[in-house]
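Participant: Below is coords39.txt; it holds compact mmCIF, C-alpha atoms.
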# COMPACT_ATOMS: atom_id res chain seq x y z
CA MET A 841 13.06 44.27 -28.53
CA ALA A 842 16.37 42.64 -27.63
CA PRO A 843 17.23 38.98 -28.31
CA LEU A 844 16.50 36.55 -25.52
CA GLY A 845 18.70 36.05 -22.50
CA LEU A 846 20.55 32.76 -22.81
CA GLY A 847 22.36 30.19 -20.68
CA THR A 848 25.51 28.26 -21.48
CA GLY A 849 26.17 24.54 -21.77
CA PHE A 850 27.79 21.79 -23.78
CA TYR A 851 26.14 19.80 -26.49
CA GLY A 852 25.60 16.08 -26.67
CA LEU A 853 23.99 13.98 -29.33
CA GLY A 854 20.34 13.11 -28.93
CA PRO A 855 19.32 9.61 -27.86
CA THR A 856 19.71 6.80 -30.32
CA MET A 857 16.35 6.07 -31.94
CA ASN A 858 15.42 2.69 -33.44
CA SER A 859 19.01 1.53 -33.07
CA ASP A 860 20.34 -1.57 -34.74
CA SER A 861 21.96 -3.24 -31.71
CA ALA A 862 24.42 -5.22 -33.81
CA ALA A 863 25.86 -2.33 -35.77
CA ALA A 864 24.66 0.62 -33.66
CA VAL A 865 23.19 2.10 -36.83
CA VAL A 866 20.26 4.45 -36.43
CA ILE A 867 17.40 3.73 -38.83
CA PRO A 868 15.70 6.87 -40.22
CA LYS A 869 12.10 6.87 -39.03
CA GLY A 870 9.44 9.33 -37.90
CA THR A 871 7.84 12.58 -38.95
CA ALA A 872 9.42 15.32 -36.83
CA VAL A 873 12.11 16.34 -34.37
CA LYS A 874 11.07 16.98 -30.76
CA THR A 875 12.88 19.74 -28.91
CA ASN A 876 12.47 20.59 -25.23
CA ASP A 877 12.39 23.61 -22.95
CA GLY A 878 15.66 24.49 -21.26
CA ASN A 879 19.27 25.10 -22.18
CA VAL A 880 21.25 23.11 -24.75
CA GLN A 881 18.35 21.89 -26.86
CA GLY A 882 17.43 21.97 -30.53
CA LEU A 883 18.94 21.33 -33.93
CA TYR A 884 21.98 23.31 -35.07
CA PHE A 885 23.99 23.78 -38.23
CA GLU A 886 26.65 26.19 -39.40
CA ALA A 887 25.29 29.59 -40.43
CA SER A 888 28.24 30.82 -42.46
CA VAL A 889 26.85 29.25 -45.63
CA LEU A 890 23.65 31.27 -45.20
CA GLN A 891 25.33 34.68 -45.32
CA SER A 892 24.78 35.24 -49.04
CA THR A 893 21.14 34.10 -48.72
CA PHE A 894 20.31 36.48 -45.88
CA ARG A 895 21.96 39.40 -47.67
CA ALA A 896 19.17 39.30 -50.25
CA SER A 897 15.47 38.35 -50.35
CA PHE A 898 14.64 35.02 -48.71
CA THR A 899 11.91 32.84 -47.18
CA MET A 900 11.91 30.56 -44.12
CA ALA A 901 9.14 28.07 -43.31
CA ILE A 902 8.45 25.34 -40.76
CA TRP A 903 5.63 23.23 -39.28
CA ALA A 904 5.47 23.62 -35.48
CA LYS A 905 3.37 21.90 -32.80
CA LEU A 906 4.00 23.72 -29.52
CA VAL A 907 3.69 22.20 -26.07
CA ASP A 908 2.81 25.67 -24.77
CA GLY A 909 1.82 28.39 -27.23
CA GLN A 910 2.19 31.08 -24.58
CA PRO A 911 5.42 30.22 -22.73
CA SER A 912 6.49 31.92 -19.51
CA SER A 913 9.37 33.53 -21.40
CA ALA A 914 9.76 34.26 -25.11
CA GLN A 915 11.14 31.28 -27.04
CA VAL A 916 12.98 31.04 -30.36
CA LEU A 917 11.43 28.96 -33.12
CA ILE A 918 14.22 29.67 -35.61
CA GLY A 919 17.28 31.84 -35.26
CA ASN A 920 20.85 32.76 -34.49
CA LEU A 921 22.20 35.01 -31.75
CA GLY A 922 24.48 37.11 -33.92
CA ASP A 923 27.41 39.28 -32.99
CA GLY A 924 25.49 42.20 -31.49
CA ASN A 925 24.94 43.79 -34.88
CA ASN A 926 23.53 40.91 -36.96
CA HIS A 927 20.93 38.24 -36.22
CA CYS A 928 17.87 36.52 -37.71
CA ILE A 929 15.20 35.34 -35.26
CA LEU A 930 11.62 34.06 -35.48
CA GLN A 931 10.28 34.17 -31.93
CA ILE A 932 7.20 32.95 -30.03
CA ASN A 933 6.16 35.60 -27.47
CA THR A 934 4.58 35.03 -24.07
CA ASP A 935 1.17 36.21 -25.33
CA GLY A 936 1.20 33.78 -28.28
CA THR A 937 2.11 36.39 -30.89
CA VAL A 938 5.08 35.91 -33.23
CA THR A 939 7.94 38.34 -33.90
CA PHE A 940 10.38 38.27 -36.80
CA ASP A 941 13.56 40.14 -35.86
CA PHE A 942 16.23 40.68 -38.52
CA GLN A 943 19.25 42.83 -37.70
CA GLY A 944 21.94 43.74 -40.21
CA ASP A 945 25.02 45.84 -39.51
CA GLY A 946 23.38 47.33 -36.41
CA ASP A 947 19.97 48.20 -37.90
CA SER A 948 17.00 46.06 -36.86
CA HIS A 949 13.74 45.19 -38.64
CA GLN A 950 11.20 43.88 -36.12
CA ASN A 951 7.80 42.74 -37.38
CA LYS A 952 5.21 41.42 -34.90
CA THR A 953 1.80 39.82 -35.51
CA ASP A 954 -1.12 41.95 -34.37
CA ASP A 955 -3.16 38.96 -33.21
CA VAL A 956 -2.44 35.91 -31.09
CA ILE A 957 -1.18 33.02 -33.22
CA PHE A 958 -0.75 30.36 -30.54
CA THR A 959 -3.21 29.74 -27.70
CA ASN A 960 -2.19 29.06 -24.12
CA GLY A 961 -1.23 25.43 -23.57
CA ALA A 962 -0.79 22.75 -26.21
CA ASN A 963 -1.39 23.64 -29.85
CA ALA A 964 -1.90 21.52 -32.96
CA TYR A 965 0.53 21.84 -35.86
CA LYS A 966 0.68 25.27 -37.50
CA HIS A 967 2.62 26.22 -40.61
CA ILE A 968 4.71 29.34 -40.01
CA ALA A 969 6.52 31.14 -42.82
CA VAL A 970 8.22 34.50 -43.16
CA THR A 971 9.37 36.22 -46.33
CA MET A 972 11.83 39.09 -46.40
CA THR A 973 12.28 41.28 -49.46
CA ILE A 974 15.26 43.59 -49.98
CA VAL A 975 14.08 46.82 -51.62
CA GLY A 976 16.43 48.79 -53.82
CA GLY A 977 16.87 52.26 -52.40
CA GLY A 978 14.35 51.63 -49.59
CA ASN A 979 13.67 49.66 -46.42
CA SER A 980 13.36 45.88 -46.52
CA THR A 981 9.89 44.42 -45.96
CA SER A 982 8.70 41.18 -44.38
CA ILE A 983 5.45 39.20 -44.33
CA ILE A 984 4.51 36.58 -41.75
CA TYR A 985 2.23 33.74 -42.92
CA VAL A 986 0.30 31.35 -40.68
CA ASP A 987 -1.29 28.25 -42.19
CA GLY A 988 -0.75 29.62 -45.68
CA ALA A 989 -2.27 33.08 -45.17
CA ALA A 990 -0.59 36.44 -44.59
CA ILE A 991 -1.18 37.81 -41.07
CA ALA A 992 -1.62 41.45 -40.07
CA THR A 993 1.58 42.74 -38.47
CA THR A 994 3.10 45.92 -37.07
CA ILE A 995 6.70 47.13 -37.24
CA VAL A 996 7.83 47.32 -33.59
CA GLY A 997 8.93 50.82 -32.62
CA GLY A 998 9.20 51.76 -36.28
CA ALA A 999 12.35 49.63 -36.55
CA GLU A 1000 13.34 49.40 -40.22
CA ILE A 1001 16.42 48.24 -42.11
CA SER A 1002 17.78 49.83 -45.28
CA GLU A 1003 18.93 48.01 -48.40
CA ALA A 1004 22.58 48.72 -47.55
CA LYS A 1005 22.30 47.39 -43.98
CA HIS A 1006 20.35 44.31 -45.11
CA ALA A 1007 22.97 43.56 -47.76
CA ALA A 1008 25.72 43.81 -45.12
CA TRP A 1009 24.27 41.01 -42.92
CA ALA A 1010 27.12 38.96 -41.44
CA HIS A 1011 26.87 35.51 -39.88
CA GLY A 1012 29.45 36.27 -37.17
CA SER A 1013 30.52 32.59 -37.08
CA ASP A 1014 27.13 31.74 -35.58
CA ASN A 1015 25.39 28.43 -35.55
CA PHE A 1016 21.81 28.52 -36.80
CA GLY A 1017 19.20 26.93 -34.55
CA ILE A 1018 15.82 25.26 -35.06
CA GLY A 1019 13.81 25.07 -31.83
CA ALA A 1020 16.46 27.23 -30.17
CA MET A 1021 18.93 30.01 -30.91
CA GLY A 1022 22.39 29.42 -32.35
CA THR A 1023 25.38 31.26 -30.95
CA ARG A 1024 28.79 32.59 -31.91
CA THR A 1025 30.52 29.41 -30.75
CA SER A 1026 31.49 26.05 -32.14
CA LEU A 1027 29.11 23.13 -31.69
CA SER A 1028 31.23 22.01 -28.75
CA ASN A 1029 30.03 24.96 -26.67
CA ILE A 1030 26.43 25.84 -27.47
CA THR A 1031 24.35 28.43 -25.67
CA SER A 1032 20.65 28.09 -26.27
CA SER A 1033 17.14 28.40 -24.90
CA GLY A 1034 15.03 25.50 -26.14
CA LEU A 1035 11.43 25.53 -27.35
CA ALA A 1036 9.23 22.58 -26.35
CA ALA A 1037 7.76 21.54 -29.70
CA ASP A 1038 7.54 19.03 -32.52
CA LEU A 1039 9.05 20.59 -35.65
CA ALA A 1040 8.99 19.42 -39.28
CA GLU A 1041 9.57 20.50 -42.88
CA PHE A 1042 12.05 23.30 -42.26
CA ALA A 1043 13.11 25.11 -45.43
CA ILE A 1044 14.94 28.23 -46.59
CA TRP A 1045 14.64 29.63 -50.12
CA ASN A 1046 16.83 32.34 -51.66
CA ILE A 1047 13.76 34.22 -52.87
CA ALA A 1048 10.75 35.85 -51.21
CA LEU A 1049 7.96 33.40 -52.13
CA ASP A 1050 4.69 34.98 -53.24
CA ALA A 1051 1.39 34.34 -51.45
CA ALA A 1052 0.30 31.61 -53.88
CA ALA A 1053 3.55 29.68 -53.40
CA ILE A 1054 3.32 29.93 -49.60
CA ALA A 1055 -0.28 28.72 -49.70
CA LYS A 1056 0.75 25.74 -51.82
CA VAL A 1057 3.63 24.86 -49.49
CA GLU A 1058 1.13 24.81 -46.61
CA ASP A 1059 -1.41 22.92 -48.71
CA LEU A 1060 1.06 20.06 -49.14
CA GLY A 1061 -0.05 19.15 -45.64
CA VAL A 1062 0.96 18.46 -42.07
CA PRO A 1063 3.76 15.88 -41.91
CA THR A 1064 2.28 12.59 -40.65
CA ASP A 1065 3.01 8.90 -41.05
CA SER A 1066 0.71 8.86 -44.08
CA ASN A 1067 1.58 12.25 -45.56
CA PHE A 1068 5.14 13.17 -46.52
CA PRO A 1069 5.35 16.57 -48.24
CA ASN A 1070 8.23 17.00 -50.66
CA LEU A 1071 9.37 20.56 -51.30
CA LEU A 1072 11.97 19.32 -53.79
CA VAL A 1073 9.19 18.88 -56.35
CA ASP A 1074 7.28 21.74 -58.02
CA ALA A 1075 3.50 21.58 -57.65
CA ALA A 1076 1.06 24.05 -59.22
CA ASP A 1077 1.67 27.50 -57.69
CA TYR A 1078 4.81 26.21 -56.01
CA ASP A 1079 7.33 26.38 -58.85
CA VAL A 1080 10.44 27.46 -56.95
CA SER A 1081 11.93 24.19 -55.72
CA SER A 1082 15.12 25.16 -57.55
CA ARG A 1083 15.45 28.14 -55.17
CA LEU A 1084 15.71 25.97 -52.05
CA VAL A 1085 18.90 26.69 -50.13
CA THR A 1086 18.34 24.11 -47.41
CA TYR A 1087 15.53 21.68 -46.64
CA HIS A 1088 15.25 19.48 -43.55
CA LYS A 1089 12.21 17.22 -43.44
CA LEU A 1090 13.26 16.50 -39.82
CA ASN A 1091 11.99 12.94 -40.04
CA ASP A 1092 15.32 11.16 -40.20
CA TYR A 1093 18.27 10.61 -37.93
CA SER A 1094 21.71 9.16 -38.51
CA GLY A 1095 24.61 9.26 -36.07
CA GLY A 1096 23.29 12.32 -34.26
CA PHE A 1097 22.62 14.31 -37.42
CA ALA A 1098 19.45 15.46 -39.18
CA THR A 1099 19.85 14.75 -42.87
CA GLU A 1100 19.62 17.64 -45.33
CA GLN A 1101 17.46 16.83 -48.34
CA ILE A 1102 19.41 18.59 -51.11
CA VAL A 1103 22.33 16.58 -52.45
CA GLY A 1104 25.52 18.63 -52.46
CA PHE A 1105 24.71 20.83 -49.45
CA ASP A 1106 26.52 18.81 -46.79
CA ASP A 1107 27.40 21.96 -44.85
CA TYR A 1108 23.77 22.17 -43.79
CA THR A 1109 23.68 18.83 -41.96
CA GLY A 1110 22.11 19.55 -38.57
CA VAL A 1111 23.29 18.32 -35.18
CA LEU A 1112 20.72 17.39 -32.52
CA VAL A 1113 21.68 18.53 -29.02
CA GLY A 1114 20.54 17.72 -25.51
CA ASP A 1115 17.68 15.24 -25.32
CA SER A 1116 16.08 16.42 -28.56
CA LYS A 1117 14.95 13.40 -30.56
CA PHE A 1118 13.04 12.19 -33.59
CA VAL A 1119 9.41 11.14 -33.15
Show me, as structure tokens, the structure contained in the file I just sent.
Facilitator:
Amino acid sequence: MAPLGLGTGFYGLGPTMNSDSAAAVVIPKGTAVKTNDGNVQGLYFEASVLQSTFRASFTMAIWAKLVDGQPSSAQVLIGNLGDGNNHCILQINTDGTVTFDFQGDGDSHQNKTDDVIFTNGANAYKHIAVTMTIVGGGNSTSIIYVDGAAIATTIVGGAEISEAKHAAWAHGSDNFGIGAMGTRTSLSNITSSGLAADLAEFAIWNIALDAAAIAKVEDLGVPTDSNFPNLLVDAADYDVSSRLVTYHKLNDYSGGFATEQIVGFDDYTGVLVGDSKFV
């Protein structure tokens, strides 16, 4: 399965939300970021700092409420386009299944859910996570979790990736996208295909979380006005907060940027593009 076909455009900051008219300061407020269908949408940040993370075992997770769980064309929930030999994509397919596609140094690992995850039309929030484990002397493995539970999957076309190819993953100067796909360009010339969704609690860890930790992350709850999960704090079976590489709650907005929650990781500050906004 090849990455999606993409269009080209130029980025612009999302609309000012809850603006202080006197100082034009945006007040952080809300629970999620809303992205839209079409080109030049989503939240982007530089992917170069993720190269060392993706060359080893890792986990990605996000809460997603889709406007259409079975879109007319496949849409990217999380990912980057890559350089033709390297990419990392979590994709919503037209039949509501989910595919995780990780390519390193020309070899591709493609893992697809056996059952439909998203129904046709609007869907309530679902927690989607994927773990990838590098295996010494063997092929890397991945597990897709939905709402805290591992889902049955099948490797597409037998596509596997060896330890050596996984460890050679290169960012290719890509931007990394949430609600769209990042590209091998600067943020002044983004190519993307946007997903119409509300997205919250996006996180990457530099370890493959076990099933108990994933279940606890999901158990922390859907982000709402009255419930604000905090992955920076260990809780019961979730004892790996120190392994967070990046964490965007996606409920704040300042000067066109989505604030990263780990102090000292400024390179991960995300830029909203198009008419994506906080809600």
Participant: If we count only C-alpha atoms and set the cut-off at 10 Å, which residues sit around Ile1018 in chain A, ignoring sequence neighbours fewer than 4 positions away in its own chain? Please answer as a list of chain:residue names.
Facilitator: A:Val873, A:Thr875, A:Gln881, A:Gly882, A:Leu883, A:Tyr884, A:Phe885, A:Ile902, A:Val916, A:Leu917, A:Ile918, A:Gly919, A:Asn920, A:Leu930, A:Gly1022, A:Gly1034, A:Leu1035, A:Leu1039, A:Ala1040, A:Phe1042, A:Gly1110, A:Leu1112
Participant: Have a look at CA of Leu1090 in chain A and CA of Ala872 in chain A and let me know their distance in Å, one decimal.
Facilitator: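 We find that CA of Leu1090 in chain A and CA of Ala872 in chain A lie 5.0 Å from each other.
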Participant: If I take CA of His927 in chain A and CA of Val1080 in chain A, how far is one from the other in Å, to one decimal?
Facilitator: 25.6 Å
Participant: Need the shell around Ala901 in chain A: protein/DNA/RNA residues with any atom at most 9 Å away, counting only C-alpha atoms. Skip same-chain ones fewer than 5 positions apart. Format as a JSON list (two decimals) with C-alpha atoms, keeping the file's coordinate frame?
Facilitator:
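Listing of part_6.json after writing:
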[["chain", "number", "residue", "atom", "x", "y", "z"],
["A", 967, "HIS", "CA", 2.62, 26.22, -40.61],
["A", 968, "ILE", "CA", 4.71, 29.34, -40.01],
["A", 969, "ALA", "CA", 6.52, 31.14, -42.82],
["A", 970, "VAL", "CA", 8.22, 34.50, -43.16],
["A", 971, "THR", "CA", 9.37, 36.22, -46.33],
["A", 985, "TYR", "CA", 2.23, 33.74, -42.92],
["A", 1041, "GLU", "CA", 9.57, 20.50, -42.88],
["A", 1042, "PHE", "CA", 12.05, 23.30, -42.26],
["A", 1043, "ALA", "CA", 13.11, 25.11, -45.43],
["A", 1044, "ILE", "CA", 14.94, 28.23, -46.59],
["A", 1045, "TRP", "CA", 14.64, 29.63, -50.12],
["A", 1054, "ILE", "CA", 3.32, 29.93, -49.60],
["A", 1057, "VAL", "CA", 3.63, 24.86, -49.49]]
Participant: Please indicate the distance in Å from CA of Asn933 in chain A to CA of Ala914 in chain A, rounded to one decimal place.
Facilitator: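 Atom-to-atom, CA of Asn933 in chain A and CA of Ala914 in chain A are spaced 4.5 Å apart.
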Participant: Pick from A:Gly936, A:Pro1063, A:Gly998, A:Gly976: nearest to Ser913 in chain A, with only C-alpha atoms counted?
Facilitator: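 So, comparing all the options, the nearest one is A:Gly936.
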Participant: Please provide the set of residues having any atom within 8 Å of Phe894 in chain A, restricted to all atoms listed in the file, with same-chain residues fewer than 2 positions apart removed, written as a PyMOL selection string.
Facilitator: chain A and resi 890-892+896-898+1006-1007+1009+1046
Participant: Just write the chosen residues, C-alpha atoms, as a PDB file, keeping the file's coordinate frame.
Facilitator:
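Done, and the output landed in result02.pdb:
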ATOM      1  CA  LEU A 890      23.650  31.270 -45.200  1.00  0.00           C
ATOM      2  CA  GLN A 891      25.330  34.680 -45.320  1.00  0.00           C
ATOM      3  CA  SER A 892      24.780  35.240 -49.040  1.00  0.00           C
ATOM      4  CA  ALA A 896      19.170  39.300 -50.250  1.00  0.00           C
ATOM      5  CA  SER A 897      15.470  38.350 -50.350  1.00  0.00           C
ATOM      6  CA  PHE A 898      14.640  35.020 -48.710  1.00  0.00           C
ATOM      7  CA  HIS A1006      20.350  44.310 -45.110  1.00  0.00           C
ATOM      8  CA  ALA A1007      22.970  43.560 -47.760  1.00  0.00           C
ATOM      9  CA  TRP A1009      24.270  41.010 -42.920  1.00  0.00           C
ATOM     10  CA  ASN A1046      16.830  32.340 -51.660  1.00  0.00           C
TER      11      ASN A1046
END
Participant: Which residue, A:Ile929, A:Asp923, A:Ser912, A:Ala964, has the smallest gap to Ala1020 in chain A when you use all atoms listed in the file?
Facilitator: A:Ile929
Participant: Please determine, counting only C-alpha atoms, which residue among A:Leu1084, A:Asp1050, A:Gly977, A:Ile957 has the shortest atom-to-atom distance to Asn1070 in chain A.
Facilitator: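 Selected residue with least distance to Asn1070 in chain A: A:Leu1084.
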Participant: Since the input is missing atoms, can you rebuild N, CA and C atoms for range 1055-1086 of chain A and write them as a PDB file, in the frame of the given file?
Facilitator:
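Contents of the output file result_4.pdb:
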ATOM      1  N   ALA A1055       0.957  29.465 -49.907  1.00  0.00           N
ATOM      2  CA  ALA A1055      -0.280  28.720 -49.700  1.00  0.00           C
ATOM      3  C   ALA A1055      -0.140  27.288 -50.184  1.00  0.00           C
ATOM      4  N   LYS A1056       0.562  27.085 -51.297  1.00  0.00           N
ATOM      5  CA  LYS A1056       0.750  25.740 -51.820  1.00  0.00           C
ATOM      6  C   LYS A1056       1.672  24.923 -50.932  1.00  0.00           C
ATOM      7  N   VAL A1057       2.722  25.545 -50.416  1.00  0.00           N
ATOM      8  CA  VAL A1057       3.630  24.860 -49.490  1.00  0.00           C
ATOM      9  C   VAL A1057       2.839  24.360 -48.280  1.00  0.00           C
ATOM     10  N   GLU A1058       1.967  25.219 -47.756  1.00  0.00           N
ATOM     11  CA  GLU A1058       1.130  24.810 -46.610  1.00  0.00           C
ATOM     12  C   GLU A1058       0.128  23.741 -47.025  1.00  0.00           C
ATOM     13  N   ASP A1059      -0.397  23.850 -48.227  1.00  0.00           N
ATOM     14  CA  ASP A1059      -1.410  22.920 -48.710  1.00  0.00           C
ATOM     15  C   ASP A1059      -0.865  21.511 -48.900  1.00  0.00           C
ATOM     16  N   LEU A1060       0.462  21.384 -49.025  1.00  0.00           N
ATOM     17  CA  LEU A1060       1.060  20.060 -49.140  1.00  0.00           C
ATOM     18  C   LEU A1060       0.792  19.220 -47.901  1.00  0.00           C
ATOM     19  N   GLY A1061       0.495  19.867 -46.785  1.00  0.00           N
ATOM     20  CA  GLY A1061      -0.050  19.150 -45.640  1.00  0.00           C
ATOM     21  C   GLY A1061       0.868  18.976 -44.456  1.00  0.00           C
ATOM     22  N   VAL A1062       0.242  18.730 -43.305  1.00  0.00           N
ATOM     23  CA  VAL A1062       0.960  18.460 -42.070  1.00  0.00           C
ATOM     24  C   VAL A1062       1.732  17.153 -42.212  1.00  0.00           C
ATOM     25  N   PRO A1063       3.003  17.128 -41.841  1.00  0.00           N
ATOM     26  CA  PRO A1063       3.760  15.880 -41.910  1.00  0.00           C
ATOM     27  C   PRO A1063       3.198  14.836 -40.943  1.00  0.00           C
ATOM     28  N   THR A1064       2.775  13.705 -41.458  1.00  0.00           N
ATOM     29  CA  THR A1064       2.280  12.590 -40.650  1.00  0.00           C
ATOM     30  C   THR A1064       2.834  11.302 -41.224  1.00  0.00           C
ATOM     31  N   ASP A1065       2.542  10.195 -40.551  1.00  0.00           N
ATOM     32  CA  ASP A1065       3.010   8.900 -41.050  1.00  0.00           C
ATOM     33  C   ASP A1065       2.476   8.599 -42.437  1.00  0.00           C
ATOM     34  N   SER A1066       1.319   9.157 -42.779  1.00  0.00           N
ATOM     35  CA  SER A1066       0.710   8.860 -44.080  1.00  0.00           C
ATOM     36  C   SER A1066       0.869   9.975 -45.094  1.00  0.00           C
ATOM     37  N   ASN A1067       1.439  11.103 -44.660  1.00  0.00           N
ATOM     38  CA  ASN A1067       1.580  12.250 -45.560  1.00  0.00           C
ATOM     39  C   ASN A1067       2.993  12.807 -45.453  1.00  0.00           C
ATOM     40  N   PHE A1068       3.768  12.684 -46.517  1.00  0.00           N
ATOM     41  CA  PHE A1068       5.140  13.170 -46.520  1.00  0.00           C
ATOM     42  C   PHE A1068       5.299  14.229 -47.599  1.00  0.00           C
ATOM     43  N   PRO A1069       5.140  15.499 -47.256  1.00  0.00           N
ATOM     44  CA  PRO A1069       5.350  16.570 -48.240  1.00  0.00           C
ATOM     45  C   PRO A1069       6.756  16.494 -48.820  1.00  0.00           C
ATOM     46  N   ASN A1070       6.925  17.009 -50.020  1.00  0.00           N
ATOM     47  CA  ASN A1070       8.230  17.000 -50.660  1.00  0.00           C
ATOM     48  C   ASN A1070       8.444  18.325 -51.382  1.00  0.00           C
ATOM     49  N   LEU A1071       9.155  19.233 -50.735  1.00  0.00           N
ATOM     50  CA  LEU A1071       9.370  20.560 -51.300  1.00  0.00           C
ATOM     51  C   LEU A1071      10.419  20.567 -52.405  1.00  0.00           C
ATOM     52  N   LEU A1072      11.022  19.418 -52.694  1.00  0.00           N
ATOM     53  CA  LEU A1072      11.970  19.320 -53.790  1.00  0.00           C
ATOM     54  C   LEU A1072      11.274  19.234 -55.143  1.00  0.00           C
ATOM     55  N   VAL A1073       9.956  19.064 -55.117  1.00  0.00           N
ATOM     56  CA  VAL A1073       9.190  18.880 -56.350  1.00  0.00           C
ATOM     57  C   VAL A1073       8.221  20.045 -56.534  1.00  0.00           C
ATOM     58  N   ASP A1074       8.234  20.670 -57.716  1.00  0.00           N
ATOM     59  CA  ASP A1074       7.280  21.740 -58.020  1.00  0.00           C
ATOM     60  C   ASP A1074       5.864  21.177 -58.067  1.00  0.00           C
ATOM     61  N   ALA A1075       4.897  21.998 -57.629  1.00  0.00           N
ATOM     62  CA  ALA A1075       3.500  21.580 -57.650  1.00  0.00           C
ATOM     63  C   ALA A1075       2.627  22.815 -57.799  1.00  0.00           C
ATOM     64  N   ALA A1076       1.987  22.946 -58.959  1.00  0.00           N
ATOM     65  CA  ALA A1076       1.060  24.050 -59.220  1.00  0.00           C
ATOM     66  C   ALA A1076       1.726  25.398 -58.918  1.00  0.00           C
ATOM     67  N   ASP A1077       1.155  26.165 -57.973  1.00  0.00           N
ATOM     68  CA  ASP A1077       1.670  27.500 -57.690  1.00  0.00           C
ATOM     69  C   ASP A1077       3.038  27.495 -57.023  1.00  0.00           C
ATOM     70  N   TYR A1078       3.469  26.330 -56.567  1.00  0.00           N
ATOM     71  CA  TYR A1078       4.810  26.210 -56.010  1.00  0.00           C
ATOM     72  C   TYR A1078       5.747  25.752 -57.124  1.00  0.00           C
ATOM     73  N   ASP A1079       6.456  26.688 -57.726  1.00  0.00           N
ATOM     74  CA  ASP A1079       7.330  26.380 -58.850  1.00  0.00           C
ATOM     75  C   ASP A1079       8.746  26.878 -58.597  1.00  0.00           C
ATOM     76  N   VAL A1080       9.143  26.892 -57.324  1.00  0.00           N
ATOM     77  CA  VAL A1080      10.440  27.460 -56.950  1.00  0.00           C
ATOM     78  C   VAL A1080      11.308  26.458 -56.183  1.00  0.00           C
ATOM     79  N   SER A1081      11.111  25.176 -56.424  1.00  0.00           N
ATOM     80  CA  SER A1081      11.930  24.190 -55.720  1.00  0.00           C
ATOM     81  C   SER A1081      13.415  24.389 -56.014  1.00  0.00           C
ATOM     82  N   SER A1082      13.731  24.929 -57.184  1.00  0.00           N
ATOM     83  CA  SER A1082      15.120  25.160 -57.550  1.00  0.00           C
ATOM     84  C   SER A1082      15.759  26.271 -56.715  1.00  0.00           C
ATOM     85  N   ARG A1083      14.942  27.049 -55.993  1.00  0.00           N
ATOM     86  CA  ARG A1083      15.450  28.140 -55.170  1.00  0.00           C
ATOM     87  C   ARG A1083      15.656  27.740 -53.721  1.00  0.00           C
ATOM     88  N   LEU A1084      15.431  26.458 -53.396  1.00  0.00           N
ATOM     89  CA  LEU A1084      15.710  25.970 -52.050  1.00  0.00           C
ATOM     90  C   LEU A1084      17.195  26.076 -51.753  1.00  0.00           C
ATOM     91  N   VAL A1085      17.520  26.626 -50.590  1.00  0.00           N
ATOM     92  CA  VAL A1085      18.900  26.690 -50.130  1.00  0.00           C
ATOM     93  C   VAL A1085      19.182  25.523 -49.196  1.00  0.00           C
ATOM     94  N   THR A1086      18.238  25.258 -48.307  1.00  0.00           N
ATOM     95  CA  THR A1086      18.340  24.110 -47.410  1.00  0.00           C
ATOM     96  C   THR A1086      16.946  23.596 -47.104  1.00  0.00           C
TER      97      THR A1086
END
